[in-house]
file target_21.cif (mmCIF, C-alpha atoms)
data_entry
#
loop_
_atom_site.label_atom_id
_atom_site.label_comp_id
_atom_site.auth_asym_id
_atom_site.auth_seq_id
_atom_site.Cartn_x
_atom_site.Cartn_y
_atom_site.Cartn_z
CA MET A 1 -124.67 -75.44 17.27
CA ASN A 2 -124.91 -75.87 13.51
CA LEU A 3 -124.87 -79.60 12.78
CA VAL A 4 -124.23 -80.66 9.21
CA LEU A 5 -123.89 -84.05 7.58
CA GLU A 6 -120.37 -85.20 6.74
CA LYS A 7 -120.01 -88.06 4.26
CA LEU A 8 -117.95 -91.03 5.38
CA PRO A 9 -115.77 -93.14 3.05
CA GLN A 10 -117.34 -96.32 1.71
CA GLY A 11 -116.36 -99.48 3.56
CA PHE A 12 -115.37 -97.69 6.78
CA LEU A 13 -117.47 -100.22 8.77
CA PHE A 14 -115.58 -103.20 7.32
CA PHE A 15 -113.50 -103.81 10.46
CA GLU A 16 -115.93 -102.33 12.98
CA LYS A 17 -117.91 -104.60 15.32
CA GLN A 18 -119.92 -101.69 16.70
CA ALA A 19 -120.94 -98.37 15.18
CA PRO A 20 -118.30 -95.86 16.36
CA MET A 21 -120.76 -92.97 16.07
CA ASP A 22 -124.36 -92.20 15.14
CA LEU A 23 -124.79 -92.84 11.42
CA PHE A 24 -127.30 -91.21 9.07
CA ASP A 25 -128.41 -91.47 5.48
CA ALA A 26 -128.33 -88.53 3.05
CA ARG A 27 -131.76 -87.32 4.23
CA GLY A 28 -130.66 -87.15 7.85
CA LEU A 29 -132.59 -90.22 8.99
CA LEU A 30 -130.83 -92.26 11.68
CA LEU A 31 -129.41 -95.59 10.47
CA LEU A 32 -127.36 -96.79 13.45
CA THR A 33 -126.83 -95.41 16.93
CA ARG A 34 -123.37 -95.18 18.46
CA GLY A 35 -122.38 -98.54 19.97
CA GLN A 36 -124.97 -100.54 18.04
CA LEU A 37 -123.79 -103.99 16.92
CA VAL A 38 -122.78 -104.09 13.23
CA THR A 39 -124.02 -107.44 11.93
CA GLU A 40 -122.92 -108.95 8.65
CA TRP A 41 -126.33 -108.10 7.16
CA ILE A 42 -125.97 -104.44 8.18
CA ARG A 43 -122.41 -104.31 6.87
CA GLU A 44 -123.52 -105.64 3.47
CA ARG A 45 -126.47 -103.26 3.27
CA LEU A 46 -124.33 -100.20 4.04
CA ALA A 47 -121.30 -101.21 1.96
CA SER A 48 -122.68 -99.60 -1.21
CA SER A 49 -124.71 -96.85 0.49
CA GLU A 50 -123.84 -93.26 1.28
CA VAL A 51 -123.39 -93.01 5.04
CA TYR A 52 -122.96 -89.79 7.01
CA THR A 53 -122.06 -88.63 10.49
CA LEU A 54 -122.45 -85.19 12.02
CA LYS A 55 -119.98 -82.35 12.02
CA SER A 56 -120.79 -79.54 14.42
CA GLU A 57 -120.09 -75.85 14.53
CA VAL A 58 -121.38 -73.38 17.10
CA LYS A 59 -124.31 -71.34 15.85
CA THR A 60 -126.79 -69.34 17.92
CA VAL A 61 -130.54 -69.52 17.45
CA THR A 62 -131.84 -67.29 14.68
CA HIS A 63 -133.83 -64.33 16.01
CA THR A 64 -137.43 -64.90 15.06
CA LYS A 65 -140.90 -63.57 15.57
CA SER A 66 -144.27 -65.23 15.55
CA PHE A 67 -146.87 -64.34 12.95
CA PRO A 68 -148.94 -61.49 14.50
CA LYS A 69 -152.18 -62.88 15.92
CA ASP A 70 -154.29 -59.84 15.05
CA LEU A 71 -153.14 -59.91 11.44
CA TYR A 72 -153.62 -63.67 11.29
CA TRP A 73 -157.26 -63.48 12.36
CA ASP A 74 -157.87 -60.47 10.11
CA ILE A 75 -156.78 -62.61 7.15
CA VAL A 76 -158.93 -65.57 8.21
CA GLY A 77 -161.96 -63.33 8.74
CA SER A 78 -161.42 -61.57 5.43
CA LEU A 79 -161.25 -64.80 3.48
CA TRP A 80 -164.29 -66.22 5.25
CA SER A 81 -166.34 -63.10 4.50
CA ILE A 82 -165.39 -63.32 0.81
CA TYR A 83 -165.92 -67.01 0.19
CA HIS A 84 -168.03 -68.64 2.91
CA ASP A 85 -171.37 -68.54 1.09
CA VAL A 86 -170.61 -68.82 -2.60
CA GLY A 87 -171.48 -71.21 -5.35
CA LEU A 88 -169.61 -69.39 -8.10
CA ILE A 89 -166.39 -67.50 -7.45
CA THR A 90 -165.92 -64.23 -9.34
CA SER A 91 -162.85 -62.31 -10.47
CA GLU A 92 -163.89 -59.53 -8.07
CA GLN A 93 -163.55 -61.93 -5.13
CA ILE A 94 -160.14 -63.02 -6.38
CA SER A 95 -159.03 -59.38 -6.53
CA LYS A 96 -160.12 -58.84 -2.90
CA THR A 97 -158.09 -61.89 -1.88
CA MET A 98 -154.91 -60.22 -3.16
CA VAL A 99 -155.01 -57.93 -0.11
CA SER A 100 -154.57 -60.94 2.19
CA ILE A 101 -151.79 -62.28 0.00
CA GLU A 102 -149.88 -59.00 0.22
CA TRP A 103 -150.26 -59.04 4.01
CA ILE A 104 -148.72 -62.52 4.19
CA ILE A 105 -145.87 -61.77 1.79
CA ASN A 106 -144.99 -58.51 3.51
CA GLU A 107 -144.95 -60.24 6.89
CA ILE A 108 -142.58 -63.02 5.84
CA LYS A 109 -140.30 -60.78 3.78
CA ASP A 110 -136.72 -61.03 5.07
CA LYS A 111 -137.97 -62.49 8.34
CA CYS A 112 -137.85 -65.86 10.06
CA ILE A 113 -141.48 -66.42 11.03
CA TYR A 114 -142.89 -68.88 13.50
CA ILE A 115 -146.57 -69.84 13.55
CA ASP A 116 -147.35 -70.21 17.24
CA THR A 117 -150.15 -72.76 16.86
CA ASN A 118 -150.72 -72.92 20.61
CA SER A 119 -151.63 -69.26 20.90
CA LEU A 120 -153.57 -69.25 17.63
CA ARG A 121 -155.53 -72.44 18.30
CA VAL A 122 -159.24 -71.99 19.01
CA ASP A 123 -162.12 -74.38 19.52
CA LEU A 124 -163.11 -74.73 15.90
CA ALA A 125 -166.09 -76.86 16.93
CA SER A 126 -167.63 -73.66 18.31
CA PHE A 127 -168.07 -72.32 14.79
CA LYS A 128 -171.38 -73.29 13.23
CA GLU A 129 -170.04 -72.71 9.75
CA HIS A 130 -167.73 -75.65 9.06
CA ASP A 131 -166.02 -73.81 6.22
CA TYR A 132 -164.51 -71.35 8.73
CA CYS A 133 -162.22 -74.22 9.74
CA THR A 134 -161.22 -74.54 6.09
CA PHE A 135 -159.97 -70.95 6.04
CA VAL A 136 -157.99 -71.31 9.27
CA HIS A 137 -156.24 -74.23 7.57
CA ALA A 138 -155.89 -72.25 4.33
CA VAL A 139 -154.08 -69.37 6.03
CA ASN A 140 -151.69 -71.75 7.81
CA VAL A 141 -150.92 -73.54 4.55
CA ALA A 142 -150.46 -70.23 2.72
CA ILE A 143 -147.90 -68.99 5.28
CA LEU A 144 -145.99 -72.29 5.33
CA SER A 145 -146.06 -72.56 1.53
CA ALA A 146 -144.85 -68.98 1.06
CA LEU A 147 -141.95 -69.57 3.46
CA THR A 148 -140.98 -72.76 1.63
CA ALA A 149 -141.29 -71.11 -1.78
CA ARG A 150 -139.12 -68.22 -0.60
CA GLU A 151 -136.48 -70.79 0.36
CA LEU A 152 -136.71 -72.15 -3.20
CA GLY A 153 -136.14 -68.70 -4.70
CA TYR A 154 -139.71 -67.62 -5.44
CA LYS A 155 -140.13 -63.84 -5.72
CA GLY A 156 -142.59 -61.24 -6.95
CA GLN A 157 -145.59 -62.45 -8.92
CA ARG A 158 -144.49 -66.05 -8.78
CA LEU A 159 -144.63 -65.94 -4.97
CA ARG A 160 -148.01 -64.17 -5.07
CA TYR A 161 -149.53 -66.79 -7.37
CA LEU A 162 -148.16 -69.59 -5.19
CA THR A 163 -149.72 -67.97 -2.10
CA MET A 164 -153.02 -67.50 -3.93
CA GLY A 165 -153.07 -71.18 -4.84
CA ALA A 166 -152.33 -72.10 -1.22
CA ILE A 167 -155.17 -69.94 0.11
CA LEU A 168 -157.62 -71.45 -2.37
CA HIS A 169 -156.31 -75.04 -2.39
CA ASP A 170 -159.21 -76.44 -0.31
CA ILE A 171 -161.97 -74.14 -1.56
CA GLY A 172 -163.75 -77.21 -2.95
CA LYS A 173 -164.33 -78.50 0.59
CA ILE A 174 -167.15 -75.98 0.87
CA LYS A 175 -169.08 -78.53 -1.21
CA VAL A 176 -168.29 -81.41 1.18
CA PRO A 177 -170.96 -82.08 3.87
CA TYR A 178 -169.95 -81.13 7.40
CA GLU A 179 -170.75 -84.65 8.65
CA ILE A 180 -168.13 -86.15 6.32
CA LEU A 181 -165.40 -83.56 6.98
CA ASN A 182 -165.71 -84.01 10.74
CA LYS A 183 -166.59 -87.69 10.99
CA PRO A 184 -164.84 -89.10 14.09
CA GLY A 185 -164.46 -92.60 12.64
CA PRO A 186 -163.19 -94.13 9.37
CA LEU A 187 -164.79 -92.92 6.15
CA SER A 188 -166.78 -95.31 3.99
CA LYS A 189 -165.74 -95.79 0.38
CA SER A 190 -168.52 -93.49 -0.81
CA GLU A 191 -167.59 -90.82 1.74
CA PHE A 192 -163.91 -90.98 0.80
CA TYR A 193 -164.91 -90.64 -2.86
CA ILE A 194 -166.75 -87.41 -1.99
CA ILE A 195 -163.64 -86.12 -0.18
CA GLN A 196 -161.50 -86.96 -3.21
CA GLN A 197 -163.67 -84.74 -5.39
CA HIS A 198 -162.81 -81.51 -3.58
CA PRO A 199 -159.77 -80.66 -5.77
CA LEU A 200 -161.97 -80.99 -8.86
CA GLU A 201 -164.80 -79.06 -7.20
CA GLY A 202 -162.36 -76.29 -6.31
CA GLU A 203 -161.00 -76.11 -9.83
CA ALA A 204 -164.53 -75.90 -11.24
CA MET A 205 -165.47 -73.11 -8.81
CA LEU A 206 -162.41 -71.06 -9.87
CA ARG A 207 -162.53 -71.70 -13.60
CA ASN A 208 -164.98 -68.88 -14.35
CA ALA A 209 -163.11 -66.32 -12.25
CA GLU A 210 -160.28 -65.69 -14.75
CA VAL A 211 -157.82 -67.48 -12.46
CA LEU A 212 -154.44 -68.29 -13.96
CA PRO A 213 -153.91 -71.86 -15.20
CA SER A 214 -151.05 -72.33 -12.72
CA ILE A 215 -153.44 -71.66 -9.82
CA LEU A 216 -156.05 -74.00 -11.30
CA ASN A 217 -153.37 -76.69 -11.57
CA THR A 218 -152.32 -76.08 -7.97
CA VAL A 219 -155.87 -76.46 -6.66
CA ARG A 220 -156.44 -79.60 -8.75
CA GLN A 221 -153.09 -81.24 -7.97
CA HIS A 222 -152.40 -80.53 -4.28
CA HIS A 223 -153.28 -84.13 -3.34
CA GLU A 224 -151.10 -85.69 -6.04
CA ARG A 225 -148.00 -87.42 -4.73
CA TRP A 226 -144.42 -87.67 -6.03
CA SER A 227 -144.82 -91.47 -6.07
CA GLY A 228 -148.00 -91.37 -8.18
CA ASN A 229 -150.21 -92.57 -5.32
CA GLY A 230 -152.23 -89.38 -4.98
CA TYR A 231 -155.49 -88.15 -6.48
CA PRO A 232 -157.41 -87.18 -8.56
CA ASN A 233 -155.21 -88.16 -11.53
CA GLY A 234 -152.37 -90.22 -10.07
CA LEU A 235 -149.72 -87.84 -11.41
CA SER A 236 -146.12 -88.42 -10.34
CA GLY A 237 -142.78 -86.61 -10.20
CA SER A 238 -142.32 -83.47 -12.24
CA ARG A 239 -145.71 -83.92 -13.92
CA ILE A 240 -147.08 -82.30 -10.76
CA HIS A 241 -146.89 -78.50 -10.79
CA LEU A 242 -144.14 -77.32 -8.42
CA ASP A 243 -146.56 -74.99 -6.62
CA ALA A 244 -148.79 -77.99 -5.89
CA GLN A 245 -145.79 -79.97 -4.63
CA ILE A 246 -144.96 -77.19 -2.16
CA ILE A 247 -148.55 -76.82 -0.97
CA ALA A 248 -148.88 -80.60 -0.57
CA VAL A 249 -146.14 -80.68 2.08
CA ALA A 250 -147.52 -77.65 3.96
CA ASP A 251 -151.03 -79.13 3.74
CA VAL A 252 -149.99 -82.43 5.36
CA TYR A 253 -147.91 -80.72 8.04
CA ASP A 254 -150.73 -78.41 9.09
CA ALA A 255 -153.21 -81.29 9.09
CA LEU A 256 -150.93 -83.33 11.36
CA THR A 257 -150.45 -80.44 13.82
CA ALA A 258 -154.18 -79.64 14.09
CA ASP A 259 -156.76 -81.28 16.32
CA ARG A 260 -159.07 -83.57 14.38
CA PRO A 261 -162.31 -85.29 15.48
CA TYR A 262 -160.51 -88.63 15.51
CA ARG A 263 -157.14 -87.62 17.05
CA LYS A 264 -155.27 -84.91 18.92
CA ALA A 265 -152.76 -82.62 17.19
CA LEU A 266 -149.23 -83.96 16.89
CA PRO A 267 -146.32 -81.90 18.27
CA PRO A 268 -144.57 -80.00 15.45
CA TYR A 269 -141.34 -81.99 15.78
CA HIS A 270 -143.29 -85.27 15.45
CA ALA A 271 -145.16 -84.02 12.39
CA LEU A 272 -141.92 -82.94 10.71
CA GLU A 273 -140.26 -86.28 11.39
CA MET A 274 -143.27 -88.06 9.90
CA ILE A 275 -143.00 -85.94 6.74
CA LEU A 276 -139.26 -86.65 6.48
CA ALA A 277 -140.08 -90.35 6.61
CA MET A 278 -142.64 -89.98 3.77
CA GLU A 279 -139.82 -89.72 1.25
CA LYS A 280 -141.70 -91.36 -1.62
CA ASP A 281 -144.65 -89.00 -1.42
CA PHE A 282 -142.85 -85.66 -1.73
CA ASN A 283 -140.16 -84.08 -3.88
CA PRO A 284 -136.91 -84.28 -1.83
CA MET A 285 -135.99 -80.74 -2.90
CA VAL A 286 -139.28 -79.41 -1.53
CA ILE A 287 -138.93 -81.33 1.74
CA GLN A 288 -135.44 -79.89 2.20
CA ALA A 289 -136.70 -76.34 1.61
CA PHE A 290 -139.66 -76.91 3.94
CA ARG A 291 -137.36 -78.20 6.68
CA LYS A 292 -135.07 -75.18 6.34
CA SER A 293 -137.97 -72.71 6.42
CA LEU A 294 -139.79 -74.33 9.33
CA ASN A 295 -138.85 -72.73 12.62
CA LEU A 296 -139.94 -75.14 15.36
CA TYR A 297 -138.07 -73.57 18.24
CA PRO A 298 -137.75 -69.78 18.01
CA LYS A 299 -135.75 -67.60 20.36
CA ASP A 300 -136.86 -68.00 23.99
CA SER A 301 -138.44 -71.43 23.44
CA LEU A 302 -138.92 -73.24 26.73
CA VAL A 303 -139.13 -76.98 26.20
CA THR A 304 -140.01 -80.02 28.26
CA LEU A 305 -138.24 -83.28 27.48
CA ASN A 306 -139.64 -86.79 27.78
CA THR A 307 -137.30 -87.25 30.77
CA GLY A 308 -139.19 -84.55 32.69
CA GLU A 309 -136.29 -82.09 32.38
CA ARG A 310 -137.04 -78.55 31.23
CA GLY A 311 -134.79 -76.08 29.52
CA LEU A 312 -134.19 -73.29 27.05
CA VAL A 313 -133.32 -73.84 23.40
CA VAL A 314 -130.01 -72.11 22.75
CA ALA A 315 -129.03 -73.46 19.32
CA VAL A 316 -130.83 -75.23 16.49
CA PRO A 317 -129.19 -77.47 13.87
CA THR A 318 -130.07 -76.11 10.45
CA SER A 319 -130.29 -79.62 9.01
CA PHE A 320 -132.04 -81.16 12.02
CA PRO A 321 -134.42 -78.57 13.52
CA THR A 322 -136.16 -81.23 15.62
CA ARG A 323 -132.98 -81.92 17.66
CA PRO A 324 -131.77 -78.62 19.20
CA LEU A 325 -129.20 -77.92 21.90
CA VAL A 326 -130.99 -77.29 25.21
CA ARG A 327 -129.66 -75.53 28.31
CA LEU A 328 -131.22 -77.24 31.33
CA LEU A 329 -133.17 -75.06 33.77
CA PHE A 330 -134.88 -77.76 35.84
CA ASP A 331 -133.97 -81.41 36.34
CA ARG A 332 -136.43 -84.31 36.15
CA ASN A 333 -137.42 -83.71 39.80
CA GLY A 334 -138.24 -80.05 39.14
CA LYS A 335 -135.15 -78.78 40.93
CA TYR A 336 -133.49 -75.68 39.46
CA VAL A 337 -130.14 -76.38 37.78
CA ASP A 338 -127.84 -73.59 38.96
CA LYS A 339 -124.91 -74.31 36.64
CA ASP A 340 -124.62 -74.40 32.88
CA THR A 341 -125.70 -77.88 31.83
CA TYR A 342 -126.57 -78.67 28.24
CA ILE A 343 -128.30 -81.56 26.50
CA ASP A 344 -127.48 -82.01 22.84
CA LEU A 345 -130.49 -83.85 21.42
CA MET A 346 -128.42 -84.84 18.39
CA CYS A 347 -126.32 -86.98 20.72
CA GLU A 348 -128.95 -87.94 23.29
CA LEU A 349 -131.22 -89.75 20.84
CA THR A 350 -133.44 -91.29 23.52
CA SER A 351 -134.43 -87.79 24.67
CA PHE A 352 -136.91 -85.67 22.78
CA ILE A 353 -139.14 -82.64 23.22
CA ILE A 354 -142.74 -83.27 24.24
CA GLU A 355 -143.92 -79.72 24.94
CA THR A 356 -142.99 -76.19 23.94
CA SER A 357 -143.90 -72.83 25.42
CA PHE A 358 -142.63 -69.33 24.78
CA ARG A 359 -141.30 -66.59 26.96
CA ASN A 360 -142.38 -63.09 25.97
CA SER A 361 -144.92 -64.61 23.58
CA LYS A 362 -146.50 -61.38 22.43
CA ALA A 363 -147.58 -61.21 18.84
#

call {"tool": "encode", "arguments": {"input": "target_21.cif", "output": "structure tokens"}}
result
Amino acid sequence: MNLVLEKLPQGFLFFEKQAPMDLFDARGLLLLTRGQLVTEWIRERLASSEVYTLKSEVKTVTHTKSFPKDLYWDIVGSLWSIYHDVGLITSEQISKTMVSIEWIINEIKDKCIYIDTNSLRVDLASFKEHDYCTFVHAVNVAILSALTARELGYKGQRLRYLTMGAILHDIGKIKVPYEILNKPGPLSKSEFYIIQQHPLEGEAMLRNAEVLPSILNTVRQHHERWSGNGYPNGLSGSRIHLDAQIIAVADVYDALTADRPYRKALPPYHALEMILAMEKDFNPMVIQAFRKSLNLYPKDSLVTLNTGERGLVVAVPTSFPTRPLVRLLFDRNGKYVDKDTYIDLMCELTSFIIETSFRNSKA
């Protein structure tokens, strides 16, 4: 089922006492649920706003594949071997990194890729070298950034340079003490200041390696925010390099979906919904491209709902990938459902996915 937003005429709520349908804003965020009381305050607030409902068309799930695990770990290991014990990065090391970039670009070319974080997740605490964790994150961000950039029309060298910037975006964290990076509690002001220096440290490490200015800007600016509330320079809007804007979204998403010393990983759908709500921090065009490129529920996804029901994803809304159409396999008591029963999560807004697994998950 392909669900798309359909704009409603202004003032359509004027005579309505209750919302006749679920209503959304232009970003796809829910404003009112069907049947909700329309107060005078709500009516006034929405009178001059663009309000949308959903129009549906049947569309099957896109055939996808997960990023190959062997290739994934080859890339991580390659990057770690190149950069894990360096103080000064050389142009020779940059040239070696291009091999990993070509692997990533060739793998995502003309394909819908899913990063199966469950099968790729390892106990990063088992690695003595804390910077190994940095490269696991770097590869994830590079793949997500490349997919988003492809959605935005990046090709050829432009896509390669974007992917290079994504791989190297956190290289400055090598200079951050392990105790600070993995502190289980809140950082002190002095510790947070050290963390904030890693974009500048990374830029300094790369400056002598004949790296292109666009990549230097990406490394320096990936923590800047569309609103101007980022660091290190408080840049805003289009003053931030587009590559850095793309990497910023992928960086936050991967951080949210990874286990941290102070919290467990968030489910992908929860992380995406959090990013969609952070509208002031990211370029809306980039968020839209990221949402389109992110494949949360590939073919053969088995999902568990908060109701205890389990089923198979059969269709994914292109505009709302967190709310797919699910064919029930087992009811909330674990009993097999022997007839075709579907739950449309775009309509059943109190239901949501809490767990995902994959049939035939061979990468």

call {"tool": "atom_distance", "arguments": {"input": "target_21.cif", "atom1": "CA of Thr341 (chain A)", "atom2": "CA of Leu328 (chain A)"}}
result
5.6 Å

call {"tool": "closest_residue", "arguments": {"input": "target_21.cif", "among": "A:Ala204, A:Leu79, A:Val176, A:Leu23", "to": "Glu191 (chain A)", "atoms": "all atoms listed in the file"}}
result
A:Val176

call {"tool": "resolve_selection", "arguments": {"input": "target_21.cif", "expression": "the PyMOL selection byres ((chain A and resi 164) around 10)", "output": "list in words"}}
result
Ile94, Thr97, Met98, Ser100, Ile101, Glu102, Ala138, Ala142, Ala146, Arg158, Leu159, Arg160, Tyr161, Leu162, Thr163, Gly165, Ala166, Ile167, Leu168, His169, Val211, Ile215, Thr218 and Val219 of chain A

call {"tool": "residues_near_point", "arguments": {"input": "target_21.cif", "point": "(-143.8, -84.6, -11.8)", "cutoff": "10 Å", "atoms": "all atoms listed in the file", "output": "CSV table (one decimal) with C-alpha atoms, keeping the file's coordinate frame"}}
result
chain,number,residue,atom,x,y,z
A,224,GLU,CA,-151.1,-85.7,-6.0
A,225,ARG,CA,-148.0,-87.4,-4.7
A,226,TRP,CA,-144.4,-87.7,-6.0
A,227,SER,CA,-144.8,-91.5,-6.1
A,228,GLY,CA,-148.0,-91.4,-8.2
A,235,LEU,CA,-149.7,-87.8,-11.4
A,236,SER,CA,-146.1,-88.4,-10.3
A,237,GLY,CA,-142.8,-86.6,-10.2
A,238,SER,CA,-142.3,-83.5,-12.2
A,239,ARG,CA,-145.7,-83.9,-13.9
A,240,ILE,CA,-147.1,-82.3,-10.8
A,241,HIS,CA,-146.9,-78.5,-10.8
A,242,LEU,CA,-144.1,-77.3,-8.4
A,245,GLN,CA,-145.8,-80.0,-4.6
A,283,ASN,CA,-140.2,-84.1,-3.9

call {"tool": "residues_around", "arguments": {"input": "target_21.cif", "residues": "region 348-353 of chain A", "least_positions_apart": "4", "cutoff": "9 Å", "atoms": "all atoms listed in the file", "output": "count of residues only"}}
result
12

call {"tool": "axis_aligned_box", "arguments": {"input": "target_21.cif", "around": "region 36-44 of chain A", "padding_each_side": "6 Å", "output": "lines of an AutoDock Vina configuration file"}}
result
center_x = -124.4
center_y = -104.7
center_z = 10.8
size_x = 15.9
size_y = 20.4
size_z = 26.6
